[in-house]
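Chemist: Got a file for you: structure_32.cif, mmCIF, C-alpha atoms and all ligand atoms.
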```
data_structure
#
loop_
_atom_site.label_atom_id
_atom_site.label_comp_id
_atom_site.auth_asym_id
_atom_site.auth_seq_id
_atom_site.Cartn_x
_atom_site.Cartn_y
_atom_site.Cartn_z
CA MET B 1 0.00 0.00 0.00
CA GLN B 2 2.83 2.38 0.90
CA ASP B 3 4.36 1.73 -2.54
CA ILE B 4 1.13 2.77 -4.25
CA ILE B 5 0.98 5.97 -2.19
CA ASP B 6 4.59 6.77 -3.08
CA ASP B 7 3.83 6.15 -6.78
CA LEU B 8 0.79 8.43 -6.55
CA LYS B 9 2.87 11.16 -4.92
CA ARG B 10 5.53 10.86 -7.60
CA ALA B 11 2.93 10.89 -10.40
CA SER B 12 1.07 13.93 -9.04
CA PRO B 13 2.27 17.55 -9.47
CA SER B 14 4.60 19.12 -6.90
CA THR B 15 3.11 19.75 -3.44
CA ALA B 16 2.80 23.51 -3.92
CA SER B 17 0.70 23.21 -7.07
CA GLN B 18 -1.47 20.31 -5.85
CA PRO B 19 -5.11 21.10 -5.16
CA PRO B 20 -5.69 21.04 -1.36
CA THR B 21 -8.13 18.09 -1.58
CA LEU B 22 -5.61 15.87 -3.41
CA GLN B 23 -2.85 16.79 -0.97
CA GLN B 24 -5.15 16.15 1.98
CA GLY B 25 -6.28 12.84 0.47
CA LEU B 26 -2.70 11.67 0.02
CA GLU B 27 -1.84 12.63 3.59
CA GLU B 28 -4.85 10.74 4.94
CA LEU B 29 -3.98 7.72 2.79
CA ASN B 30 -0.44 7.87 4.12
CA TYR B 31 -1.70 8.00 7.70
CA THR B 32 -4.14 5.10 7.11
CA SER B 33 -1.40 3.03 5.56
CA GLN B 34 0.81 3.58 8.62
CA SER B 35 -2.06 2.57 10.96
CA VAL B 36 -2.68 -0.58 8.92
CA GLN B 37 1.01 -1.46 9.11
CA GLU B 38 1.08 -0.87 12.87
CA SER B 39 -2.06 -2.96 13.38
CA ALA B 40 -0.60 -5.78 11.28
CA GLN B 41 2.54 -5.68 13.42
CA ARG B 42 0.47 -5.76 16.60
CA ILE B 43 -1.58 -8.72 15.32
CA GLY B 44 1.69 -10.49 14.45
CA CYS B 45 2.91 -10.00 18.04
CA ILE B 46 -0.40 -11.26 19.49
CA ILE B 47 -0.26 -14.39 17.30
CA HIS B 48 3.33 -14.98 18.38
CA ASP B 49 2.35 -14.61 22.07
CA LEU B 50 -0.62 -16.94 21.69
CA LYS B 51 1.48 -19.58 19.92
CA HIS B 52 4.00 -19.37 22.72
CA PHE B 53 1.24 -19.50 25.32
CA SER B 54 -0.47 -22.51 23.72
CA ARG B 55 2.80 -24.45 23.79
CA TYR B 56 2.95 -23.99 27.52
CA GLY B 57 1.49 -27.11 29.08
CA LEU B 58 0.98 -28.27 32.63
CA SER B 59 4.30 -27.85 34.38
CA ASN B 60 3.66 -28.98 37.92
CA VAL B 61 1.25 -31.89 38.19
CA LYS B 62 0.83 -33.32 41.66
CA PRO B 63 -1.93 -34.23 44.13
CA VAL B 64 -4.06 -31.16 44.68
CA ALA B 65 -6.78 -30.39 47.22
CA LEU B 66 -9.61 -28.77 45.30
CA ASN B 67 -11.09 -27.16 48.43
CA HIS B 68 -7.76 -25.43 49.00
CA ILE B 69 -7.90 -24.07 45.44
CA VAL B 70 -11.38 -22.70 46.13
CA GLU B 71 -10.19 -20.94 49.28
CA THR B 72 -7.19 -19.38 47.52
CA ALA B 73 -9.25 -18.29 44.50
CA LEU B 74 -11.79 -16.66 46.81
CA ARG B 75 -9.02 -14.77 48.61
CA LEU B 76 -7.69 -13.51 45.27
CA THR B 77 -11.13 -12.43 44.05
CA HIS B 78 -12.23 -10.96 47.37
CA ASN B 79 -12.84 -7.48 45.91
CA ASN B 80 -15.26 -8.86 43.32
CA VAL B 81 -17.00 -11.30 45.63
CA LYS B 82 -17.47 -9.09 48.71
CA ARG B 83 -20.54 -7.31 47.24
CA LEU B 84 -22.37 -10.62 46.65
CA GLN B 85 -23.92 -13.24 48.82
CA LEU B 86 -21.63 -16.26 48.82
CA GLN B 87 -22.83 -19.78 49.49
CA LEU B 88 -19.99 -22.26 49.98
CA SER B 89 -20.54 -25.97 50.12
CA LEU B 90 -17.21 -27.79 50.24
CA HIS B 91 -17.12 -31.56 50.69
CA PRO B 92 -15.24 -32.20 53.96
CA GLN B 93 -13.52 -35.40 52.80
CA LEU B 94 -12.77 -34.55 49.23
CA PRO B 95 -10.13 -36.86 47.71
CA ALA B 96 -7.12 -35.18 46.10
CA ILE B 97 -7.08 -34.73 42.35
CA LYS B 98 -4.06 -34.84 40.06
CA GLY B 99 -3.39 -31.46 38.56
CA ASP B 100 -1.46 -28.24 38.27
CA GLU B 101 -2.55 -26.15 41.24
CA LEU B 102 -1.78 -22.74 39.73
CA GLN B 103 -3.52 -23.55 36.46
CA LEU B 104 -6.61 -24.81 38.28
CA GLN B 105 -6.61 -21.67 40.39
CA LEU B 106 -6.64 -19.65 37.18
CA VAL B 107 -9.66 -21.66 35.98
CA LEU B 108 -11.58 -20.94 39.15
CA ILE B 109 -10.63 -17.25 39.18
CA ASN B 110 -11.92 -16.94 35.59
CA LEU B 111 -15.19 -18.62 36.49
CA ILE B 112 -15.67 -16.50 39.61
CA GLN B 113 -14.87 -13.25 37.80
CA ASN B 114 -17.30 -14.07 34.99
CA ALA B 115 -20.00 -15.00 37.48
CA CYS B 116 -19.50 -11.70 39.31
CA LEU B 117 -19.71 -9.70 36.07
CA ALA B 118 -22.88 -11.56 35.07
CA MET B 119 -24.64 -10.61 38.31
CA ASP B 120 -25.23 -6.93 37.73
CA LYS B 121 -28.56 -7.00 39.55
CA PRO B 122 -30.08 -6.94 43.03
CA HIS B 123 -29.51 -9.96 45.29
CA PRO B 124 -26.56 -11.50 43.49
CA LEU B 125 -25.85 -15.02 44.73
CA LEU B 126 -22.67 -16.94 44.03
CA THR B 127 -22.59 -20.63 44.94
CA ILE B 128 -19.40 -22.67 44.94
CA GLU B 129 -19.66 -26.36 45.59
CA THR B 130 -17.28 -29.32 45.62
CA GLY B 131 -18.25 -32.96 45.87
CA ILE B 132 -17.90 -36.50 44.60
CA GLU B 133 -19.90 -37.94 41.75
CA GLU B 134 -19.50 -41.33 40.09
CA GLY B 135 -15.90 -41.74 41.16
CA ARG B 136 -14.87 -38.22 40.16
CA VAL B 137 -14.47 -34.97 42.02
CA TYR B 138 -16.60 -32.05 40.91
CA LEU B 139 -16.51 -28.30 41.27
CA LYS B 140 -19.53 -26.13 40.56
CA VAL B 141 -19.67 -22.36 40.21
CA ILE B 142 -23.25 -21.14 40.04
CA ASP B 143 -24.54 -17.61 39.62
CA ASN B 144 -28.01 -16.13 39.38
CA GLY B 145 -26.87 -13.60 36.78
CA CYS B 146 -27.83 -12.72 33.23
CA GLY B 147 -27.29 -16.25 31.83
CA MET B 148 -26.52 -16.90 28.18
CA GLN B 149 -28.51 -17.45 25.03
CA PRO B 150 -27.58 -20.78 23.36
CA HIS B 151 -25.76 -19.03 20.47
CA ILE B 152 -23.55 -17.20 22.99
CA GLN B 153 -22.93 -20.33 25.05
CA ALA B 154 -21.86 -22.16 21.89
CA ARG B 155 -18.97 -19.70 21.40
CA ILE B 156 -17.58 -19.03 24.87
CA ARG B 157 -14.63 -21.41 24.47
CA GLU B 158 -13.40 -19.48 21.41
CA PRO B 159 -10.33 -17.27 21.92
CA PHE B 160 -11.27 -13.55 21.85
CA PHE B 161 -15.01 -14.22 22.02
CA THR B 162 -16.52 -11.68 24.39
CA THR B 163 -19.83 -9.89 24.77
CA ARG B 164 -18.08 -7.33 27.00
CA ARG B 165 -15.63 -5.74 24.56
CA GLU B 166 -16.71 -2.17 25.53
CA GLN B 167 -16.19 -2.95 29.23
CA GLY B 168 -12.66 -4.20 28.61
CA GLY B 169 -13.44 -7.88 28.06
CA THR B 170 -10.68 -9.78 26.24
CA GLY B 171 -12.51 -13.02 25.56
CA LEU B 172 -9.47 -14.96 26.73
CA GLY B 173 -10.73 -16.16 30.13
CA LEU B 174 -12.77 -19.15 29.03
CA SER B 175 -10.55 -20.16 26.10
CA THR B 176 -7.69 -20.38 28.61
CA THR B 177 -9.98 -22.24 31.01
CA ASN B 178 -10.92 -24.68 28.25
CA LYS B 179 -7.29 -25.33 27.35
CA ILE B 180 -6.35 -26.01 30.97
CA LEU B 181 -9.31 -28.32 31.50
CA VAL B 182 -8.55 -30.29 28.33
CA GLU B 183 -4.98 -30.73 29.56
CA HIS B 184 -6.36 -32.07 32.83
CA GLY B 185 -8.65 -34.51 31.04
CA ALA B 186 -11.52 -32.79 32.83
CA GLN B 187 -15.13 -32.62 31.72
CA TRP B 188 -16.75 -29.18 31.61
CA LEU B 189 -20.51 -28.96 31.64
CA ILE B 190 -22.29 -25.65 31.14
CA HIS B 191 -25.90 -25.07 32.00
CA SER B 192 -27.18 -21.56 31.45
CA GLN B 193 -30.55 -19.88 31.11
CA PRO B 194 -31.06 -16.25 30.11
CA ASN B 195 -32.10 -14.05 33.06
CA ILE B 196 -31.88 -17.00 35.46
CA GLY B 197 -28.19 -17.79 35.71
CA THR B 198 -25.35 -20.08 34.86
CA GLU B 199 -23.90 -23.24 36.32
CA MET B 200 -20.37 -24.25 35.39
CA LYS B 201 -19.54 -27.78 36.47
CA ILE B 202 -16.10 -29.33 36.19
CA LEU B 203 -15.44 -33.03 36.75
CA LEU B 204 -11.88 -34.13 37.52
CA GLY B 205 -10.30 -37.53 38.00
CA MET B 206 -9.20 -38.53 41.50
CA CYS B 207 -5.52 -38.83 42.25
CA ASN B 208 -5.49 -42.60 42.78
CA GLU B 209 -7.18 -43.19 39.39
CA ALA B 210 -5.14 -45.20 36.87
N1 LIG B 301 -21.30 -16.74 34.23
C1 LIG B 301 -21.60 -16.19 33.05
N2 LIG B 301 -22.83 -15.66 32.82
C2 LIG B 301 -23.15 -15.13 31.63
N3 LIG B 301 -22.28 -15.03 30.59
C3 LIG B 301 -21.05 -15.53 30.76
C4 LIG B 301 -20.63 -16.13 31.98
N4 LIG B 301 -19.36 -16.55 31.85
C5 LIG B 301 -18.98 -16.22 30.61
N5 LIG B 301 -19.99 -15.60 29.94
C6 LIG B 301 -19.95 -15.12 28.53
O1 LIG B 301 -18.80 -15.67 27.92
C7 LIG B 301 -18.03 -14.63 27.32
C8 LIG B 301 -16.56 -15.02 27.31
O2 LIG B 301 -16.02 -15.06 28.62
P1 LIG B 301 -14.44 -14.87 28.84
O3 LIG B 301 -13.72 -15.78 27.91
O4 LIG B 301 -14.16 -14.98 30.28
O5 LIG B 301 -14.19 -13.40 28.30
P2 LIG B 301 -14.51 -11.97 28.97
O6 LIG B 301 -14.78 -12.20 30.43
O7 LIG B 301 -13.27 -11.18 28.73
O8 LIG B 301 -15.71 -11.44 28.23
C9 LIG B 301 -18.37 -13.40 28.14
O9 LIG B 301 -18.14 -12.21 27.41
C10 LIG B 301 -19.85 -13.62 28.43
O10 LIG B 301 -20.65 -13.26 27.33
MG MG B 302 -13.82 -13.48 31.72
#
```
In structure tokens, what does this structure look like?
Modeler:
Amino acid sequence: MQDIIDDLKRASPSTASQPPTLQQGLEELNYTSQSVQESAQRIGCIIHDLKHFSRYGLSNVKPVALNHIVETALRLTHNNVKRLQLQLSLHPQLPAIKGDELQLQLVLINLIQNACLAMDKPHPLLTIETGIEEGRVYLKVIDNGCGMQPHIQARIREPFFTTRREQGGTGLGLSTTNKILVEHGAQWLIHSQPNIGTEMKILLGMCNEA
């Protein structure tokens, strides 16, 4: 594009004799071309970062106490959660799971933050539950927020998909969550109803599982 602009400049009369509109047009074209080049460079950097990020796998897999992860994630999201009613139901004898503690913390922080953002209404209620089901350990994060239409729910695992772009949403929270859960061999079930709320349920294998 820059080459074409340079050719146009060369082909047109000298600056002094150019009509103001042509000169202005060339300047604007020049500016647009620079912005396009800068954007392309930025996109290149983002793709590079994402490729690097997606290569990064689980680095520290060991027995993990899911209830401990819940407690830490709640401490880290305290500012978001303090304005809501929180209902905690943690299984007292939860078996350990095999996983990367920091990555699972990130999953839970993403789910909690999304739940908090979805509950922009009176009487927000966040429920976090752990338990055992059919030989697996589960974690549920339930909100009574805005919920999702099926066509939105179908896309939430996609990188950069967000319905909150204007509020600073990146659309990277749940794609990261999905990647981490796949690496853990976890099952992720989503149940959401518009204006009623959303339940995110994650099922993880126990530590002593083959
Ligand atoms: N608990 C929830 N309730 C309603 N919508 C949700 C919930 N969690 C996620 N979403 C939807 O999924 C989209 C993607 O979420 P995420 O990947 O975390 O990106 P972001 O939070 O930056 O928008 C959100 O923009 C929102 O539309
Ligand atoms: Mg998010």
Chemist: Could you make a table, as a tab-separated table, of the residues of segment 102-139 of chain B that have an atom within 8 Å of an atom of segment 200-204 of chain B, each with its nearest atom pair and distance in Å to one decimal, counting only C-alpha atoms, in chain and number order?
Modeler:
```
residue	atom	partner	partner_atom	distance
B:Leu111	CA	B:Met200	CA	7.7
B:Arg136	CA	B:Leu204	CA	5.7
B:Val137	CA	B:Leu204	CA	5.3
B:Tyr138	CA	B:Leu203	CA	4.4
B:Leu139	CA	B:Ile202	CA	5.2
```
Chemist: Using all atoms listed in the file, collect all residues at a distance of at most 10 Å from (-1.8, -24.6, 40.6) as written in the file, then present them as number ranges by chain.
Modeler: B: 58-62, 64, 69, 99-107
Chemist: With all atoms listed in the file counted, collect every polymer residue having an atom within 12 Å of ligand MG 302 (chain B); state the result as a PyMOL selection string.
Modeler: chain B and resi 106-118+156-165+167-177
Chemist: Would you output that residue set with C-alpha atoms, as an mmCIF file, in the frame of the given file?
Modeler:
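Saved the output as again.cif:
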```
data_model
loop_
_atom_site.group_PDB
_atom_site.id
_atom_site.type_symbol
_atom_site.label_atom_id
_atom_site.label_comp_id
_atom_site.auth_asym_id
_atom_site.auth_seq_id
_atom_site.Cartn_x
_atom_site.Cartn_y
_atom_site.Cartn_z
ATOM 1 C CA LEU B 106 -6.640 -19.650 37.180
ATOM 2 C CA VAL B 107 -9.660 -21.660 35.980
ATOM 3 C CA LEU B 108 -11.580 -20.940 39.150
ATOM 4 C CA ILE B 109 -10.630 -17.250 39.180
ATOM 5 C CA ASN B 110 -11.920 -16.940 35.590
ATOM 6 C CA LEU B 111 -15.190 -18.620 36.490
ATOM 7 C CA ILE B 112 -15.670 -16.500 39.610
ATOM 8 C CA GLN B 113 -14.870 -13.250 37.800
ATOM 9 C CA ASN B 114 -17.300 -14.070 34.990
ATOM 10 C CA ALA B 115 -20.000 -15.000 37.480
ATOM 11 C CA CYS B 116 -19.500 -11.700 39.310
ATOM 12 C CA LEU B 117 -19.710 -9.700 36.070
ATOM 13 C CA ALA B 118 -22.880 -11.560 35.070
ATOM 14 C CA ILE B 156 -17.580 -19.030 24.870
ATOM 15 C CA ARG B 157 -14.630 -21.410 24.470
ATOM 16 C CA GLU B 158 -13.400 -19.480 21.410
ATOM 17 C CA PRO B 159 -10.330 -17.270 21.920
ATOM 18 C CA PHE B 160 -11.270 -13.550 21.850
ATOM 19 C CA PHE B 161 -15.010 -14.220 22.020
ATOM 20 C CA THR B 162 -16.520 -11.680 24.390
ATOM 21 C CA THR B 163 -19.830 -9.890 24.770
ATOM 22 C CA ARG B 164 -18.080 -7.330 27.000
ATOM 23 C CA ARG B 165 -15.630 -5.740 24.560
ATOM 24 C CA GLN B 167 -16.190 -2.950 29.230
ATOM 25 C CA GLY B 168 -12.660 -4.200 28.610
ATOM 26 C CA GLY B 169 -13.440 -7.880 28.060
ATOM 27 C CA THR B 170 -10.680 -9.780 26.240
ATOM 28 C CA GLY B 171 -12.510 -13.020 25.560
ATOM 29 C CA LEU B 172 -9.470 -14.960 26.730
ATOM 30 C CA GLY B 173 -10.730 -16.160 30.130
ATOM 31 C CA LEU B 174 -12.770 -19.150 29.030
ATOM 32 C CA SER B 175 -10.550 -20.160 26.100
ATOM 33 C CA THR B 176 -7.690 -20.380 28.610
ATOM 34 C CA THR B 177 -9.980 -22.240 31.010
#
```
Chemist: Where's the centre, and what are the edge lengths in Å to one decimal, of a box along x, y and z enclosing all listed atoms of ligand LIG 301 (chain B) padded 3 Å per side, as JSON?
Modeler:
```
{"center_x": -18.2, "center_y": -14.0, "center_z": 30.8, "size_x": 15.9, "size_y": 11.6, "size_z": 12.9}
```
Chemist: So, with only C-alpha atoms as the atoms that count, which of B:His184, B:Arg155, B:Lys179, B:Lys121 lies closest to Ile196 of chain B?
Modeler: B:Lys121
Chemist: Can you tell me, as a list in words, what residues are no more than 12 Å from Pro122 of chain B when counting all atoms listed in the file, ignoring any on the same chain fewer than 4 positions away?
Modeler: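 With the cut-off at 12 Å, the set is Arg83, Leu84, Gln85, Ala118, Asn144, Gly145 and Cys146 of chain B.
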Chemist: Between atom CA of Pro150 of chain B and atom CA of Pro194 of chain B, what distance in Å does the model show, to one decimal?
Modeler: 8.8 Å
Chemist: Between B:Ser35, B:Thr21, B:Asn30, B:Gln187, which has the minimum distance to Leu8 of chain B (counting all atoms listed in the file)?
Modeler: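 Among the listed residues, B:Asn30 lies closest to Leu8 of chain B.
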Chemist: Could you jot down the atom CA of Ala154 of chain B to atom C8 of ligand LIG 301 (chain B) separation for me, Å, one decimal place?
Modeler: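 These two atoms are separated by 10.4 Å.
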Chemist: Please compute the atom CA of His191 of chain B-atom CA of Leu88 of chain B distance, one decimal, in Å.
Modeler: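 If I compute the distance from atom CA of His191 of chain B to atom CA of Leu88 of chain B, I get 19.1 Å.
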Chemist: Which residue, B:Met206, B:Ala40, B:Leu126, B:Val70, has the smallest gap to Ala186 of chain B when you use all atoms listed in the file?
Modeler: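 Using all atoms listed in the file, the shortest distance to Ala186 of chain B belongs to B:Met206.
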Chemist: Find, counting only C-alpha atoms and all ligand atoms, the residue in B:Leu125, B:Ile132, B:Val182, B:Val36 that gets nearest to ligand LIG 301 (chain B).
Modeler: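 Of B:Leu125, B:Ile132, B:Val182, B:Val36, the one nearest ligand LIG 301 (chain B), counting only C-alpha atoms and all ligand atoms, is B:Leu125.
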Chemist: Please identify all polymer residues within 6 Å of Ser192 of chain B, counting only C-alpha atoms, omitting same-chain residues fewer than 6 positions from it, and present them as a list in words.
Modeler: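 Once the nearby chain positions are removed, what remains is Gly147, Met148 and Thr198 of chain B.
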